[in-house]
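> Dropping a structure here in structure tokens format, bear with me for questions.
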Amino acid sequence: MSFTIVGKSLPRVDGLEKVTGTAVYTGDMKLPGMLVGKVLRSPYAHAKIVKIDTSKAKSLPGVKSVLTYADTPKILWNSAGFPPSQGAILVEDQYILTDKPRFAGDAVAAVAAVDEDTAMTALELIEVEYEVLPAVFDAREAMKAGAPLLHSAGQNLAGFIPIDIGDIEQGFRDADYIFEDRYVTHKVNQASLEPCGVSIASFDVNGRLTLWTSTQMPHLVRAIVAKSLGMAVGKVRLIKPHVGGGFGSRLGAVNEPISALLARKSGRPVKLQYTREEAFQATESRHPITFELKTGVKKDGTFTARQMKAYINAGAYATHTPSFAGPVAGWFLAMYKCPNIKYEGYSVYTNTAPTGAFRGYGNPQVVFAVESQLDEIARTIGMDPRELTLKNHPCKGEVWVWSNWEIENCGLEEAVSKGADSIGWEEKRGKAQGSSPNKKRGVGMGYMMHVSGARPMLHETASAIIKFNQDGSANLIYSSSDCGQGSSTVLSQIAAEELGIPFENVIITKEADTDVAPFDIGSHASRQIYSGGNAVRLAARQAKAKLLEQAAQMLEVGVDQLEVRDGTVLVKENPGKNLPVAEVVYQALYGKHGHEIMGMSSTEPPGNPPVYAAQFAEVEVDTQTGEVTVIKLVAAHDTGTAINPASVEGQIQGALQQGMGYALTEEVMLDQATGRILNPDFTDYKLLTTMDMPEIEAIIVQAASTSGPFGAKSIGESGLVPTAAAIANAIYDAVGVRVKELPITTEKVLALLREKEGT
Amino acid sequence: MKVAISLNINGEEYHLNVEPQRTLLDAIREDIGLTGTKKGCDSGDCGACTIILDGEPVNSCIVLAVDANGKQITTIEGLAANGTLHPLQDAFVQHGAVQCGFCTPGMVLAAKALLDKKPNPTEQEIREGMVGNLCRCTGYAKIIEAVKSVSAANSVSGA
């Protein structure tokens with residue numbers, strides 16, 4: 001089927017405002033009488049507040065509110081932006097401000113003042129007496145008897161998920177080879193360019209709260225804030241302006257409850273904007289996970305046993321973690337077929353900044369471990385890793401363990417083939433050639449599967465309203481959670497294609513306003529196009545049906561004789577007989593029976609078609625220094641129909657920067673003595689720059705889904721999932737050493753090279 | 001003790017009284033209300049606050065407002081002339097180089113500063129010229145393409 005708008009790399013609907021600097025982000029906004037909020041943070045990783053005296057701060061001229069734990073509603077809540085679905089385990093263990101800081105950076109007080117300088121001075125005037133408690137930073141240490149306890153339960157185990165399929169011991173007995181390895185992944189920060197944590201709260205005279213905030217989940221965050229303040233949801237209105245990147249950092253409440261509480265107590269609007277330092281210290285980052293991976297395999301490459309133990313560092317509060325442990329298990333289970341699988345996932349509290357959601361949601365961690373080991377397995381049994389992956393991955397038509405639904409389509413073979421060609425696999429694998437005597441090159445591969453939405457674990461509700469204007473354009477009213485990924489543009493393309501009107505004539509609500517736009521879960525789980533697009537398409541269908549009904553009357557033909565093409569309603573068999581959409585709409589509004597032509601949908605999509613990818617890396621390793629240079633990254637992704645190919649490409653390219661950073665340079669470093677973050681800035685938290693990025697190639701494979709809008713699946717998270725594994729495997733191909741602990745630094749490679757030399 | 005300064009921004013004079021420690025970024029955003037220039041780190045590392053100061057691209061978060069007194073400043077708002085986009089702005093949109101948009105004003109200005117000095121840079125020179133601008137959404141790929149396309153147009157037109 002050929003489309004006129006879907007499949008085209010149309011420019012972003014919000015491109016113009018962004019290149020001219022007129023796009024408004026939350027931090028750009030000012031309200032009359034607005035105060036500036038600031039938060040006082042515990043310097044200690046674990047402490048009790050013995051005494052907190054705010055009198056000096058309160059009497060500073062210009063200070064309008066100073067709050068501590070005493071002022072917070074005694075309502076426990078969880079910041080994670082999930083619907084209360086079956087798969088959501090929401091442990092409520094946070095107050096808005098704490099009297100028992102559990103990580104260095106935990107919020108102990110907040111002020112609102114007439115300007116930033118006054119607010120910061122006020123913070124300095126708050127006198128806090130802490131009783132410092134012992135702290136623990138490592139998940140495995142925190143599980144031991146005698147470890148300092150963070151919450152009221154008698155242990156730091158926030159959750160435990162055991163899964164047993166088949167007979168794992170028999171599986172190991174059936175194996176020809178057994179591989180047992182430990183892999184360690186680390187804490188990284190989403191580091192969106194707009195620092196995480198910016199909101200403006202304002203109560204009106206009716207006691208209604210309006211929040212402007214940079215969020216990924218407008219409707220869900222609205223509900224979380226309402227709960228944290230003890231308010232009815234209907235009393236809260238949340239507006240999302242343009243957002244400077246999310247990547248999971250805004251997948252829930254960030255600082256909205258604090259700004260709202262300050263607004264309530266001061267009686268004035270309050271803007272609370274975190275610094276970059278605070279974004280590192282106090283917003284949710286990626287889960288560090290330590291894996292113990294044991295795999296049994298036959299000579300022919302069949303898996304007989306797959307076993308994983310995962311120690312998941314939750315940080316100081318539960319947030320996402322108890323739920324997150326489920327997907328961690330799921331990624332492991334669902335990526336390769338095996339009759340005997342055992343998984344044990346431990347979620348553990350530690351006195352570090354809470355972890356939350358970061359693009360990939362556990363999959364980058366799992367895939368680093370599994371695909372590093374797979375490369376080992378392939379070498380040992382003498383099989384190409386491509387063959388080993390293709391042999392064992394779940395295929396089209398098979399039931400996917402993640403969802404228990406049939407896999408609609410699979411483009412992995414094509415992805416592997418094209419990716420391998422592009423990297424030059426045959427020519428380069430196992431050759432260890434270098435550009436000079438001390439340098440060796442290698443190629444490696446990583447494979448992954450990911451989701452399109454969060455069904456069946458979580459609700460995938462999306463809604464859309466379409467209403468026609470008398471000039472033939474259509475408003476698409478949608479709770480936009482576009483944080484830069486481009487969903488607003490693609491959803492507009494879907495609407496335009498379905499309606500039969502020009503792309504420029506669809507006007508989507510770029511801001512989300514919970515008073516206006518119907519319920520949508522938000523931006524997570526790579527769902528905006530699969531789930532959101534589904535609702536948009538259904539709403540468009542309904543609107544179009546009503547348009548055709550009106551046109552049928554005007555043209556005096558049957559409805560099924562009509563179609564809409566490029567803004568004109570025409571008789572299929574006799575296109576000369578037609579009406580502009582504008583005229584039809586006008587007649588509907590002002591004709592015999594005045595009514596607006598509208599369509600509406602609020603629903604969940606039918607399934608969860610998985611996506612597949614194979615990424616390939618070519619690296620060069622300096623054998624004298626251990627330095628790794630990435631020469632090329634090839635990312636071949638099955639995304640289903642690419643509704644906007646340039647956008648899909650852009651998502652992959654951006655994700656590769658994050659994936660390569662995850663592999664090689666990014667690390668949130670903790671002072672082991674105090675639990676404070678040593679590098680909460682871009683000088684020492686190393687984001688890859690224009691000079692660091694290698695040649696990258698994004699290959700889009702379109703194995704269309706049957707259930708997605710125009711065959712779409714997803715791309716949002718996948719782009720960084722297998723990158724670290726591909727790079728690690730390429731390093732091994734080059735120099736025969738394997739770093740099993742991220743990030744793969746020069747020091748670690750050098751140490752292994754020296755060790756290898758010594759043997 | 002506030003200091004009286006005069007900032008020439010996009011061809012217009014703004015008269016301000018600022019504390020000596022006020023950064024140029026805060027003066028532009030808060031005192032003048034031109035919010036196109038963004039605050040990404042406030043420590044001179046990310047380039048989101050890039051403006052052009054007497055022809056040089058600078059991180060306005062580490063320039064004092066008092067030090068910009070009397071100098072020529074171009075912010076993103078000053079690029080489009082009479083409703084017509086600067087070729088770089090148009091190229092960014094057409095090439096899909098804009099995702100969240102937060103790095104965009106700084107990127108465009110850094111690119112402009114580069115092309116104003118060197119109308120036909122190589123890819124390597126583009127990457128060097130923009131190394132001070134971080135982006136977390138695009139992997140820089142389409143940004144480089146966009147700048148290249150303007151550079152190519154420059155060589156065709158003999159700029």
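Residues in the structure tokens are numbered from 1 in each chain, the chains being A, B, ... in the order shown, and ligands are numbered from 1 in the order shown.
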Just list as number ranges by chain whatever in stretch 21-135 of chain B DSSP marks as strand (DSSP E or B).
B: 23, 50-53, 56-59, 64, 72-74, 81, 84
> Please write the residues from the selection above to a file, keeping N, CA, C and O atoms, as a PDB file, in the first residue's frame.

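Listing of part29.pdb after writing:
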```pdb
ATOM      1  N   THR B  23      26.053  37.198  35.418  1.00  0.00           N
ATOM      2  CA  THR B  23      26.581  36.669  34.159  1.00  0.00           C
ATOM      3  C   THR B  23      25.827  37.294  32.987  1.00  0.00           C
ATOM      4  O   THR B  23      24.685  37.751  33.132  1.00  0.00           O
ATOM      5  N   THR B  50      25.641  29.623  24.155  1.00  0.00           N
ATOM      6  CA  THR B  50      26.502  30.275  23.176  1.00  0.00           C
ATOM      7  C   THR B  50      25.845  31.502  22.575  1.00  0.00           C
ATOM      8  O   THR B  50      24.703  31.447  22.112  1.00  0.00           O
ATOM      9  N   ILE B  51      26.562  32.616  22.605  1.00  0.00           N
ATOM     10  CA  ILE B  51      26.169  33.818  21.871  1.00  0.00           C
ATOM     11  C   ILE B  51      27.420  34.290  21.123  1.00  0.00           C
ATOM     12  O   ILE B  51      28.509  33.786  21.378  1.00  0.00           O
ATOM     13  N   ILE B  52      27.249  35.212  20.213  1.00  0.00           N
ATOM     14  CA  ILE B  52      28.408  35.734  19.502  1.00  0.00           C
ATOM     15  C   ILE B  52      28.725  37.114  20.058  1.00  0.00           C
ATOM     16  O   ILE B  52      27.843  38.001  20.079  1.00  0.00           O
ATOM     17  N   LEU B  53      29.941  37.268  20.557  1.00  0.00           N
ATOM     18  CA  LEU B  53      30.367  38.493  21.226  1.00  0.00           C
ATOM     19  C   LEU B  53      31.519  39.089  20.431  1.00  0.00           C
ATOM     20  O   LEU B  53      32.607  38.498  20.370  1.00  0.00           O
ATOM     21  N   GLU B  56      33.052  36.575  18.166  1.00  0.00           N
ATOM     22  CA  GLU B  56      33.524  35.294  18.713  1.00  0.00           C
ATOM     23  C   GLU B  56      32.395  34.552  19.400  1.00  0.00           C
ATOM     24  O   GLU B  56      31.639  35.151  20.165  1.00  0.00           O
ATOM     25  N   PRO B  57      32.310  33.244  19.199  1.00  0.00           N
ATOM     26  CA  PRO B  57      31.300  32.480  19.950  1.00  0.00           C
ATOM     27  C   PRO B  57      31.801  32.283  21.374  1.00  0.00           C
ATOM     28  O   PRO B  57      32.944  31.858  21.569  1.00  0.00           O
ATOM     29  N   VAL B  58      30.975  32.622  22.342  1.00  0.00           N
ATOM     30  CA  VAL B  58      31.371  32.472  23.745  1.00  0.00           C
ATOM     31  C   VAL B  58      30.247  31.820  24.540  1.00  0.00           C
ATOM     32  O   VAL B  58      29.079  31.897  24.161  1.00  0.00           O
ATOM     33  N   ASN B  59      30.627  31.195  25.663  1.00  0.00           N
ATOM     34  CA  ASN B  59      29.635  30.685  26.608  1.00  0.00           C
ATOM     35  C   ASN B  59      29.232  31.853  27.499  1.00  0.00           C
ATOM     36  O   ASN B  59      29.995  32.281  28.363  1.00  0.00           O
ATOM     37  N   LEU B  64      30.973  37.835  32.306  1.00  0.00           N
ATOM     38  CA  LEU B  64      30.259  38.764  33.166  1.00  0.00           C
ATOM     39  C   LEU B  64      29.547  39.797  32.297  1.00  0.00           C
ATOM     40  O   LEU B  64      30.100  40.273  31.301  1.00  0.00           O
ATOM     41  N   GLN B  72      29.273  44.092  20.802  1.00  0.00           N
ATOM     42  CA  GLN B  72      28.211  43.632  19.894  1.00  0.00           C
ATOM     43  C   GLN B  72      27.857  42.197  20.228  1.00  0.00           C
ATOM     44  O   GLN B  72      28.717  41.323  20.202  1.00  0.00           O
ATOM     45  N   ILE B  73      26.603  42.003  20.516  1.00  0.00           N
ATOM     46  CA  ILE B  73      26.156  40.656  20.884  1.00  0.00           C
ATOM     47  C   ILE B  73      25.109  40.193  19.889  1.00  0.00           C
ATOM     48  O   ILE B  73      24.179  40.938  19.550  1.00  0.00           O
ATOM     49  N   THR B  74      25.263  38.961  19.418  1.00  0.00           N
ATOM     50  CA  THR B  74      24.206  38.336  18.618  1.00  0.00           C
ATOM     51  C   THR B  74      23.687  37.134  19.373  1.00  0.00           C
ATOM     52  O   THR B  74      24.450  36.263  19.787  1.00  0.00           O
ATOM     53  N   ALA B  81      16.193  37.534   9.620  1.00  0.00           N
ATOM     54  CA  ALA B  81      16.045  38.945   9.250  1.00  0.00           C
ATOM     55  C   ALA B  81      14.717  39.141   8.562  1.00  0.00           C
ATOM     56  O   ALA B  81      14.457  38.544   7.522  1.00  0.00           O
ATOM     57  N   THR B  84      12.817  36.177   7.502  1.00  0.00           N
ATOM     58  CA  THR B  84      13.502  35.178   6.678  1.00  0.00           C
ATOM     59  C   THR B  84      14.559  34.485   7.514  1.00  0.00           C
ATOM     60  O   THR B  84      15.396  35.148   8.140  1.00  0.00           O
TER      61      THR B  84
END
```
> If DSSP is run on the backbone, what residues of chain B are alpha helix (DSSP H)? A reply as number ranges by chain would be ideal.
B: 24-26, 87-94, 104-117, 123-129, 141-156
> Counting only C-alpha atoms, what is within 12 Å of stretch 379-391 of chain A, bar same-chain residues fewer than 3 positions away, as a count of residues only?
59
> Mind listing as a VMD selection string which residues of chain B are within 7 Å of chain A, counting only C-alpha atoms?
chain B and resid 35 to 36 40 to 41 45 76 to 77 89 93 to 94 96 98 to 105 127 to 128 130 to 131 134 to 141
> Emit the selected residues as a PDB file, in the first residue's frame, including C-alpha atoms.

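out-v4.pdb, written as the output of this step:
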```
ATOM      1  CA  THR B  35      15.083  33.473  26.549  1.00  0.00           C
ATOM      2  CA  GLY B  36      16.255  31.857  23.309  1.00  0.00           C
ATOM      3  CA  GLY B  40      22.399  23.947  30.300  1.00  0.00           C
ATOM      4  CA  CYS B  41      25.111  23.845  32.949  1.00  0.00           C
ATOM      5  CA  ASP B  45      30.837  23.184  29.563  1.00  0.00           C
ATOM      6  CA  ILE B  76      19.557  33.410  18.332  1.00  0.00           C
ATOM      7  CA  GLU B  77      16.764  35.952  18.170  1.00  0.00           C
ATOM      8  CA  GLN B  89      18.327  27.861  10.648  1.00  0.00           C
ATOM      9  CA  VAL B  93      15.017  22.307  10.097  1.00  0.00           C
ATOM     10  CA  GLN B  94      15.279  20.720   6.653  1.00  0.00           C
ATOM     11  CA  GLY B  96      16.209  17.009  10.843  1.00  0.00           C
ATOM     12  CA  VAL B  98      16.512  19.639  15.636  1.00  0.00           C
ATOM     13  CA  GLN B  99      15.099  17.239  18.195  1.00  0.00           C
ATOM     14  CA  CYS B 100      14.478  18.652  21.678  1.00  0.00           C
ATOM     15  CA  GLY B 101      15.833  21.995  20.524  1.00  0.00           C
ATOM     16  CA  PHE B 102      17.592  22.910  23.746  1.00  0.00           C
ATOM     17  CA  CYS B 103      21.106  22.822  22.236  1.00  0.00           C
ATOM     18  CA  THR B 104      19.861  24.318  18.977  1.00  0.00           C
ATOM     19  CA  PRO B 105      20.285  28.054  19.559  1.00  0.00           C
ATOM     20  CA  ARG B 127      33.460  19.160  14.246  1.00  0.00           C
ATOM     21  CA  GLU B 128      36.312  21.120  15.805  1.00  0.00           C
ATOM     22  CA  MET B 130      31.413  22.923  17.330  1.00  0.00           C
ATOM     23  CA  VAL B 131      33.128  20.730  19.878  1.00  0.00           C
ATOM     24  CA  LEU B 134      26.949  19.284  23.568  1.00  0.00           C
ATOM     25  CA  CYS B 135      23.882  17.516  22.261  1.00  0.00           C
ATOM     26  CA  ARG B 136      22.190  14.540  23.821  1.00  0.00           C
ATOM     27  CA  CYS B 137      19.483  13.896  21.233  1.00  0.00           C
ATOM     28  CA  THR B 138      21.025  13.820  17.764  1.00  0.00           C
ATOM     29  CA  GLY B 139      24.468  12.250  18.032  1.00  0.00           C
ATOM     30  CA  TYR B 140      25.466  15.381  16.061  1.00  0.00           C
ATOM     31  CA  ALA B 141      25.054  13.571  12.748  1.00  0.00           C
TER      32      ALA B 141
END
```
> For stretch 31-39 of chain A, please output as a ChimeraX atom specification all residues within 7 Å (counting only C-alpha atoms; exclusion window: fewer than 3 positions along the same chain).
/A:107,109-116,119-120,259,268-272
